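Structure, as structure tokens:
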Amino acid sequence: MRIFIAVGLVTVGIFAAAGSLAPIAAQEGTTAANPYHLPPTHFGSENPQAVHAFDVAPGFADAPVADNPQAPDATPVGQQVCTACHSRESQVFAHTTHALGMQVAFTANPDAATCEACHGPGSAHAQNPLQAGAIIAFTHDGGTPIKTQTESCMGCHDGGPRDHWLGSIHQRNQLSCSDCHNPMAQFSVEGLQAKQSINETCATCHKDIRQQFNRRSHMPLPEGQMACVDCHNPHGTINVSLLKTDTVNETCYQCHAEKRGPFLFEHAPVRENCLNCHTPHGSNQHALLVAPVPMLCQQCHSHTRHPNDMFNEQMLGNAMAPDERLMGRGCLTCHSQIHGSNNPAGPRFHK
Ligand code: HEC
Ligand code: HEC
Ligand code: HEC
Ligand code: HEC
Ligand code: HEC
Ligand code: HEC
Ligand code: HEC
Ligand code: HEC
Ligand code: HEC
Ligand code: HEC
């Protein structure tokens with residue numbers, strides 16, 4: 001008796017959690033009524049019931065069988081048939097987010113799709129497992145076009161962070177969802193990543209960027225306190241470099257809010273783009289700078305009054321005629337408020 005109550009509670013809980021995601025997409029889907037795969041707006045007119053979350057079987061309970069254009073005549077066979085041959089995969093799969101939700105839905109309704117919600121109808125594959133394309137395979141040599149693979153996932157996961165997947169640099173470069181996600185096993189604590197963490201997943205292809213974070217000055221990503229997705233949305237954005245925000249500066253202000261100002265005296269290059277002086281992934285200069293001070297400053301300031309001199313080795317801090325602009329912290333000894341000043345006497349960023 002108690003077990004039944006517990007299962008009931010879990011069912012309610014998972015239905016409630018899944019309800020926010022799946023039902024709308026599953027119903028509007030990419031069906032014959034919508035042959036051009038236009039994204040649903042989710043503004044409510046399409047299905048008022050779903051929007052108000054009344055009377056609609058939510059989440060995995062609704063799970064349709066994925067569409068596999070390469071096996072048009074195949075029919076669903078149900079998960080028992082799959083697990084008969086794939087018991088090892090099924091055991092590993094059992095610990096994942098999808099399996100837990102799908103199992104509850106399946107218990108309630110044996111018609112709910114489980115394996116076939118992602119892999120498509122299985123009869124053709126069960127008859128001849130060696131026929132490429134008969135089952136939706138998520139590997140680059142499995143015989144399933146990448147478009148079919150991603151549409152299988154997007155049947156439940158379009159919209160939201162994936163609004164700009166189509167046309168994104170990863171989509172155009174033939175990445176599949178399964179390049180970063182492995183839903184068959186729980187490799188990462190959350191997010192069903194293909195590797196143990198988000199950063200390791202990105203580093204399978206972006207080794208060079210990950211290497212830059214090993215430089216002397218870096219934000220605490222190797223220390224596990226930040227991830228590539230703090231700044232990037234790997235599913236696609238409408239701006240350059242998959243940044244989550246409209247501009248580079250907005251990205252930086254998320255965590256370095258004090259640099260946003262407003263300042264009484266702004267330093268023009270700061271307001272324009274933090275990357276005029278900083279590099280985001282790591283630098284061998286102090287404070288992620290692109291060049292050491294004073295060279296950094298002199299890239300722009302060489303013809304005004306006092307920085308006008310060309311420096312030579314006689315002027316270094318320990319030489320014959322040391323120049324105060326090279327001593328201590330260089331230009332920053334005096335121009336310390338380099339990001340802008342709010343002091344009435346600070347137009348030269350001294351205070
Ligand atoms: C009669 C046994 C059998 C049944 C039933 C069966 N499979 Fe398979 N499946 C196989 C074999 C054997 C392979 C390996 C084929 C190969 O190496 O090319 C395979 C391969 C696969 C692959 C990997 C394809 C690739 O190329 O990466 C997937 C995915 C898969 N099966 C899913 C399923 C699903 C889902 C079901 C249930 C709808 C199912 N299988 C039912 C025997 C079966
Ligand atoms: C949420 C979608 C999803 C569901 C549900 C799902 N799979 Fe998979 N499956 C995948 C993806 C993605 C891969 C490719 C994983 C990779 O990158 O190796 C895969 C790979 C496989 C493979 C190839 C071997 C492997 O592990 O890479 C088999 C076999 C397989 N699935 C069987 C099943 C069976 C059986 C079920 C049901 C018990 C099932 N899958 C449910 C998405 C799913
Ligand atoms: C039948 C609908 C359905 C399909 C098909 C489906 N998913 Fe999911 N997926 C869900 C639901 C529901 C959740 C749970 C959502 C939540 O927790 O907010 C989920 C969760 C996830 C998560 C987050 C897991 C976590 O631990 O936070 C990832 C990543 C994911 N799915 C990727 C995929 C990929 C990749 C595919 C295709 C191979 C896929 N899904 C296919 C319904 C589906
Ligand atoms: C380049 C790598 C990459 C690709 C390709 C990718 N993802 Fe993701 N995905 C991620 C990362 C990293 C996260 C974790 C994001 C976070 O925590 O902010 C994530 C999170 C998710 C989540 C859970 C959180 C959410 O956004 O709702 C889902 C669902 C998901 N991805 C589905 C997909 C689907 C479907 C595809 C294929 C169309 C896909 N992903 C392709 C890297 C990727
Ligand atoms: C399977 C390989 C692969 C994985 C994994 C991968 N990427 Fe990429 N990524 C690419 C390719 C290919 C490009 C295009 C590179 C090019 O054209 O130079 C790219 C480009 C990018 C760009 C540049 C966008 C632009 O407009 O210039 C960013 C940012 C990026 N990826 C971030 C990520 C993040 C963050 C992750 C982890 C969540 C990730 N990538 C995982 C293959 C991958
Ligand atoms: C603190 C924010 C931040 C973090 C964290 C971050 N990036 Fe970036 N990334 C940026 C910005 C800003 C740009 C834009 C550079 C430009 O416009 O010149 C960028 C550009 C890129 C590019 C394309 C341009 C290039 O330099 O090749 C790739 C690829 C990339 N990032 C991958 C990654 C990966 C992978 C990670 C995690 C290991 C990561 N980024 C972590 C902010 C970040
Ligand atoms: C997700 C939060 C986050 C974002 C977004 C972010 N930072 Fe950081 N940044 C940090 C943290 C955390 C530190 C380390 C602070 C510390 O050690 O006291 C840091 C440190 C720095 C430092 C000092 C490094 C040093 O060696 O002293 C600079 C410079 C910097 N960030 C610039 C940027 C720029 C430029 C951007 C935008 C491209 C950016 N940050 C975006 C979190 C962030
Ligand atoms: C004109 C060049 C320049 C620009 C543009 C610039 N910075 Fe800096 N930044 C510096 C210098 C020089 C330092 C080192 C200061 C020091 O050593 O005291 C620094 C240090 C930092 C630090 C670490 C020390 C601190 O003050 O907290 C952070 C964080 C930082 N910058 C963030 C940003 C952000 C965010 C932007 C964009 C809004 C930006 N910077 C734009 C020159 C610049
Ligand atoms: C990318 C170009 C660039 C870099 C690098 C740069 N600046 Fe500037 N700086 C400017 C511009 C543009 C102004 C505004 C000039 C104006 O308003 O006439 C400015 C203004 C100033 C002013 C106020 C001068 C005035 O006339 O109001 C000082 C002082 C200054 N910068 C110092 C520095 C120092 C010190 C550094 C190095 C840490 C530096 N700048 C790096 C472009 C730059
Ligand atoms: C010893 C302190 C000191 C050091 C070091 C210093 N400055 Fe200055 N700087 C000043 C003072 C004081 C002014 C204001 C002069 C004035 O208002 O007439 C000034 C003014 C400026 C101006 C505005 C000039 C103008 O035409 O209005 C710029 C640009 C500037 N400094 C850049 C630099 C750069 C670049 C360095 C490093 C190479 C540097 N400063 C090092 C004290 C210093």
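All residue names refer to the structure tokens as shown: chains lettered A, B, ... in order, residues numbered from 1 in each chain, ligands numbered from 1 in order.
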
Item checked: Given 10 Å and only C-alpha atoms and all ligand atoms, residues near ligand 7 as a PyMOL selection string -> chain A and resi 215-221+225-232+243-245+247-257+259+270+273-289

Restrict the selected residues to C-alpha atoms and save them as an mmCIF file, in the first residue's frame.
data_model
loop_
_atom_site.group_PDB
_atom_site.id
_atom_site.type_symbol
_atom_site.label_atom_id
_atom_site.label_comp_id
_atom_site.auth_asym_id
_atom_site.auth_seq_id
_atom_site.Cartn_x
_atom_site.Cartn_y
_atom_site.Cartn_z
ATOM 1 C CA ARG A 215 47.822 30.981 -18.381
ATOM 2 C CA ARG A 216 49.137 33.049 -15.505
ATOM 3 C CA SER A 217 46.088 35.279 -15.338
ATOM 4 C CA HIS A 218 42.681 33.712 -15.811
ATOM 5 C CA MET A 219 39.187 33.714 -14.390
ATOM 6 C CA PRO A 220 38.542 30.750 -12.068
ATOM 7 C CA LEU A 221 37.301 28.278 -14.699
ATOM 8 C CA GLN A 225 34.028 27.996 -10.271
ATOM 9 C CA MET A 226 33.021 29.072 -13.769
ATOM 10 C CA ALA A 227 31.947 27.356 -16.953
ATOM 11 C CA CYS A 228 32.041 28.275 -20.622
ATOM 12 C CA VAL A 229 28.256 28.648 -20.438
ATOM 13 C CA ASP A 230 28.543 31.576 -18.000
ATOM 14 C CA CYS A 231 29.343 33.626 -21.092
ATOM 15 C CA HIS A 232 28.313 31.425 -24.052
ATOM 16 C CA LEU A 243 27.612 35.255 -26.367
ATOM 17 C CA LYS A 244 24.612 35.055 -24.064
ATOM 18 C CA THR A 245 24.216 38.838 -23.980
ATOM 19 C CA THR A 247 27.414 42.863 -26.310
ATOM 20 C CA VAL A 248 30.736 41.818 -24.813
ATOM 21 C CA ASN A 249 30.410 44.473 -22.102
ATOM 22 C CA GLU A 250 26.985 43.207 -21.014
ATOM 23 C CA THR A 251 28.569 39.780 -20.577
ATOM 24 C CA CYS A 252 31.268 41.201 -18.305
ATOM 25 C CA TYR A 253 28.851 43.404 -16.315
ATOM 26 C CA GLN A 254 26.947 40.281 -15.236
ATOM 27 C CA CYS A 255 29.712 39.596 -12.731
ATOM 28 C CA HIS A 256 31.758 42.830 -12.724
ATOM 29 C CA ALA A 257 28.787 45.127 -12.208
ATOM 30 C CA LYS A 259 32.549 48.448 -14.062
ATOM 31 C CA VAL A 270 36.152 50.894 -21.449
ATOM 32 C CA ASN A 273 34.556 47.208 -25.329
ATOM 33 C CA CYS A 274 36.349 45.573 -22.394
ATOM 34 C CA LEU A 275 38.344 43.563 -24.937
ATOM 35 C CA ASN A 276 40.187 46.744 -25.989
ATOM 36 C CA CYS A 277 42.443 45.933 -23.045
ATOM 37 C CA HIS A 278 41.432 42.476 -21.754
ATOM 38 C CA THR A 279 41.254 38.998 -23.225
ATOM 39 C CA PRO A 280 38.507 36.785 -21.809
ATOM 40 C CA HIS A 281 40.089 33.306 -21.811
ATOM 41 C CA GLY A 282 43.487 33.965 -20.262
ATOM 42 C CA SER A 283 46.637 36.048 -20.543
ATOM 43 C CA ASN A 284 50.259 35.885 -19.505
ATOM 44 C CA GLN A 285 50.022 39.563 -18.556
ATOM 45 C CA HIS A 286 48.735 40.828 -15.261
ATOM 46 C CA ALA A 287 44.913 41.115 -14.931
ATOM 47 C CA LEU A 288 44.081 39.501 -18.255
ATOM 48 C CA LEU A 289 45.591 42.450 -20.135
#

Check: Can you tell me which residues sit at most 6 Å away from ligand 3, counting only C-alpha atoms and all ligand atoms, written as a ChimeraX atom specification?
Finding: /A:18,21-22,59-60,63,97-98,117-118,152-153,155-156,177-178,181,190-192

Next item on the list: All residues within 7 Å of ligand 9 are required, counting only C-alpha atoms and all ligand atoms; please report them as a PyMOL selection string.
Entry: chain A and resi 267-269+276-277+293-294+296-301+331-332+335+338+347-349

Checklist line | Shell around region 164-168 of chain A at 8 Å using only C-alpha atoms, local window under 4 positions removed, as JSON, numbers by chain | finding: {"A": [172, 235, 236, 237, 238]}

Which residues of chain A sit at most 6 Å from ligand 2, using only C-alpha atoms and all ligand atoms? Give each one's shortest atom pair and distance in Å (one decimal place), in chain and ascending residue order, as JSON lines.
{"residue": "A:Gln79", "atom": "CA", "partner": "ligand 2", "partner_atom_place_in_ligand_line": "37 (C)", "distance": 5.9}
{"residue": "A:Cys82", "atom": "CA", "partner": "ligand 2", "partner_atom_place_in_ligand_line": "35 (C)", "distance": 4.8}
{"residue": "A:Thr83", "atom": "CA", "partner": "ligand 2", "partner_atom_place_in_ligand_line": "35 (C)", "distance": 5.1}
{"residue": "A:His86", "atom": "CA", "partner": "ligand 2", "partner_atom_place_in_ligand_line": "35 (C)", "distance": 5.3}
{"residue": "A:Glu89", "atom": "CA", "partner": "ligand 2", "partner_atom_place_in_ligand_line": "26 (O)", "distance": 5.6}
{"residue": "A:Ser90", "atom": "CA", "partner": "ligand 2", "partner_atom_place_in_ligand_line": "38 (C)", "distance": 4.5}
{"residue": "A:His98", "atom": "CA", "partner": "ligand 2", "partner_atom_place_in_ligand_line": "1 (C)", "distance": 5.7}
{"residue": "A:Thr114", "atom": "CA", "partner": "ligand 2", "partner_atom_place_in_ligand_line": "5 (C)", "distance": 5.3}
{"residue": "A:Cys115", "atom": "CA", "partner": "ligand 2", "partner_atom_place_in_ligand_line": "37 (C)", "distance": 3.5}
{"residue": "A:Ala117", "atom": "CA", "partner": "ligand 2", "partner_atom_place_in_ligand_line": "5 (C)", "distance": 5.8}
{"residue": "A:Cys118", "atom": "CA", "partner": "ligand 2", "partner_atom_place_in_ligand_line": "2 (C)", "distance": 4.3}
{"residue": "A:Phe138", "atom": "CA", "partner": "ligand 2", "partner_atom_place_in_ligand_line": "14 (C)", "distance": 4.4}
{"residue": "A:Ser178", "atom": "CA", "partner": "ligand 2", "partner_atom_place_in_ligand_line": "17 (O)", "distance": 4.9}
{"residue": "A:Asn182", "atom": "CA", "partner": "ligand 2", "partner_atom_place_in_ligand_line": "15 (C)", "distance": 4.8}
{"residue": "A:Pro183", "atom": "CA", "partner": "ligand 2", "partner_atom_place_in_ligand_line": "42 (C)", "distance": 5.3}
{"residue": "A:Met184", "atom": "CA", "partner": "ligand 2", "partner_atom_place_in_ligand_line": "9 (N)", "distance": 5.3}

Same residues, N, CA and C atoms, saved as a compact mmCIF listing (two decimals), in the first residue's frame:
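See again_22.txt below for the written result:
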# COMPACT_ATOMS: atom_id res chain seq x y z
N GLN A 79 9.39 -0.82 -25.53
CA GLN A 79 10.74 -0.92 -24.97
C GLN A 79 11.15 -2.34 -24.60
N CYS A 82 13.20 -3.68 -27.33
CA CYS A 82 14.55 -3.08 -27.38
C CYS A 82 15.44 -3.68 -26.29
N THR A 83 14.89 -3.75 -25.07
CA THR A 83 15.73 -4.19 -23.95
C THR A 83 16.09 -5.67 -24.09
N HIS A 86 19.16 -5.10 -26.02
CA HIS A 86 20.05 -4.03 -25.51
C HIS A 86 19.95 -3.93 -24.00
N GLU A 89 22.74 -1.46 -22.35
CA GLU A 89 22.44 -0.04 -22.56
C GLU A 89 21.26 0.38 -21.68
N SER A 90 20.25 -0.49 -21.61
CA SER A 90 19.05 -0.13 -20.85
C SER A 90 19.35 0.01 -19.37
N HIS A 98 15.78 11.18 -18.31
CA HIS A 98 14.73 10.72 -19.22
C HIS A 98 14.14 9.39 -18.76
N THR A 114 9.05 5.31 -25.08
CA THR A 114 10.24 5.48 -24.23
C THR A 114 11.46 5.52 -25.16
N CYS A 115 12.10 4.37 -25.37
CA CYS A 115 13.27 4.35 -26.26
C CYS A 115 12.92 4.98 -27.61
N ALA A 117 10.84 7.25 -28.36
CA ALA A 117 10.63 8.70 -28.37
C ALA A 117 11.85 9.39 -28.97
N CYS A 118 13.02 8.81 -28.80
CA CYS A 118 14.23 9.39 -29.39
C CYS A 118 14.69 8.61 -30.62
N PHE A 138 22.54 8.12 -33.18
CA PHE A 138 23.07 9.46 -32.91
C PHE A 138 24.58 9.50 -33.05
N SER A 178 24.07 15.13 -29.77
CA SER A 178 24.83 14.08 -29.09
C SER A 178 26.33 14.34 -29.09
N ASN A 182 25.02 13.05 -23.85
CA ASN A 182 24.81 11.62 -23.98
C ASN A 182 23.70 11.19 -23.03
N PRO A 183 22.47 11.14 -23.54
CA PRO A 183 21.34 10.83 -22.66
C PRO A 183 21.30 9.37 -22.24
N MET A 184 22.18 8.52 -22.78
CA MET A 184 22.14 7.10 -22.44
C MET A 184 22.81 6.81 -21.10

Next item on the list: Write out as a list in words each polymer residue (protein, DNA or RNA) that has an atom no more than 7 Å from ligand 5, with only C-alpha atoms and all ligand atoms counted.
Entry: Ile169, His170, Asn173, Leu175, Asp179, Cys180, Ile198, Asn199, Thr201, Cys202, Ala203, Thr204, Cys205, His206, Cys228, Val229, His232, Asn233, Pro234, Val240, Ser241, Leu242 and Leu243 of chain A

How would the residues just chosen look if you wrote them out with C-alpha atoms as a CSV table (one decimal), in the first residue's frame?
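Final output, again-v8.csv:
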chain,number,residue,atom,x,y,z
A,169,ILE,CA,27.7,28.1,-35.9
A,170,HIS,CA,27.4,24.7,-34.2
A,173,ASN,CA,29.2,22.9,-38.6
A,175,LEU,CA,27.2,19.2,-34.7
A,179,ASP,CA,28.2,15.8,-29.6
A,180,CYS,CA,27.7,17.4,-26.3
A,198,ILE,CA,30.5,21.3,-19.2
A,199,ASN,CA,34.1,22.5,-19.5
A,201,THR,CA,32.7,18.7,-23.0
A,202,CYS,CA,33.6,22.0,-24.7
A,203,ALA,CA,37.3,21.1,-24.5
A,204,THR,CA,36.9,18.0,-26.6
A,205,CYS,CA,36.8,20.4,-29.6
A,206,HIS,CA,38.1,23.7,-28.2
A,228,CYS,CA,32.0,28.3,-20.6
A,229,VAL,CA,28.3,28.6,-20.4
A,232,HIS,CA,28.3,31.4,-24.1
A,233,ASN,CA,25.1,29.7,-25.1
A,234,PRO,CA,26.3,26.7,-27.1
A,240,VAL,CA,28.9,37.0,-32.6
A,241,SER,CA,30.8,34.3,-30.7
A,242,LEU,CA,27.6,32.7,-29.2
A,243,LEU,CA,27.6,35.3,-26.4

Check: Hey, which residues come within 6 Å of ligand 1 if we count only C-alpha atoms and all ligand atoms? Could you give them as a count of residues only?
Finding: 15

Next item on the list: Compile the contact shell of Pro145 (chain A) as a PyMOL selection string: residues with an atom at most 10 Å away, counting only C-alpha atoms, same-chain residues fewer than 6 positions apart removed.
Entry: chain A and resi 68-70+133+136-139+174+176

Note to self: Taking only region 131-284 of chain A into account, list the residues labelled strand (DSSP E or B) by DSSP (computed from the backbone), as an MDAnalysis selection string.
What the structure shows: chainID A and resid 181 193 217 232 243 265 278 283

Next item on the list: List every residue of region 140-261 of chain A that DSSP, applied to the backbone, labels as helix (DSSP H, G or I), and write the result as a PyMOL selection string.
Entry: chain A and resi 146-157+160-162+169-172+177-180+198-203+207-212+228-230+240-242+248-253+257-260

If we count only C-alpha atoms, what is near Pro121 (chain A) at a cut-off of 6 Å, once residues fewer than 3 positions away on the same chain are taken out, given as a compact mmCIF listing (two decimals) with C-alpha atoms, in the first residue's frame?
# COMPACT_ATOMS: atom_id res chain seq x y z
CA ALA A 74 8.42 0.99 -39.47
CA THR A 75 6.04 0.74 -36.52
CA PRO A 76 6.69 1.06 -32.79
CA GLU A 116 11.36 5.11 -29.43

Check: Smallest atom-to-atom distance to ligand 4: which of A:Leu326, A:Ala291, A:Val189, A:Ala319, using only C-alpha atoms and all ligand atoms?
Finding: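 So, comparing all the options, the nearest one is A:Val189.
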
Notebook entry, point to check: Which is closest to ligand 8 among A:Glu223, A:Asp246, A:Asp158, A:Glu258, if we use only C-alpha atoms and all ligand atoms?
Noted result: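 When distances to ligand 8 are compared using only C-alpha atoms and all ligand atoms, the smallest one comes from A:Glu258.
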
Item checked: Selected residue, from A:Arg88, A:Arg210, A:Arg329, A:His350, that lies nearest to ligand 6 when counting only C-alpha atoms and all ligand atoms ->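 The closest residue to ligand 6 is A:Arg210.
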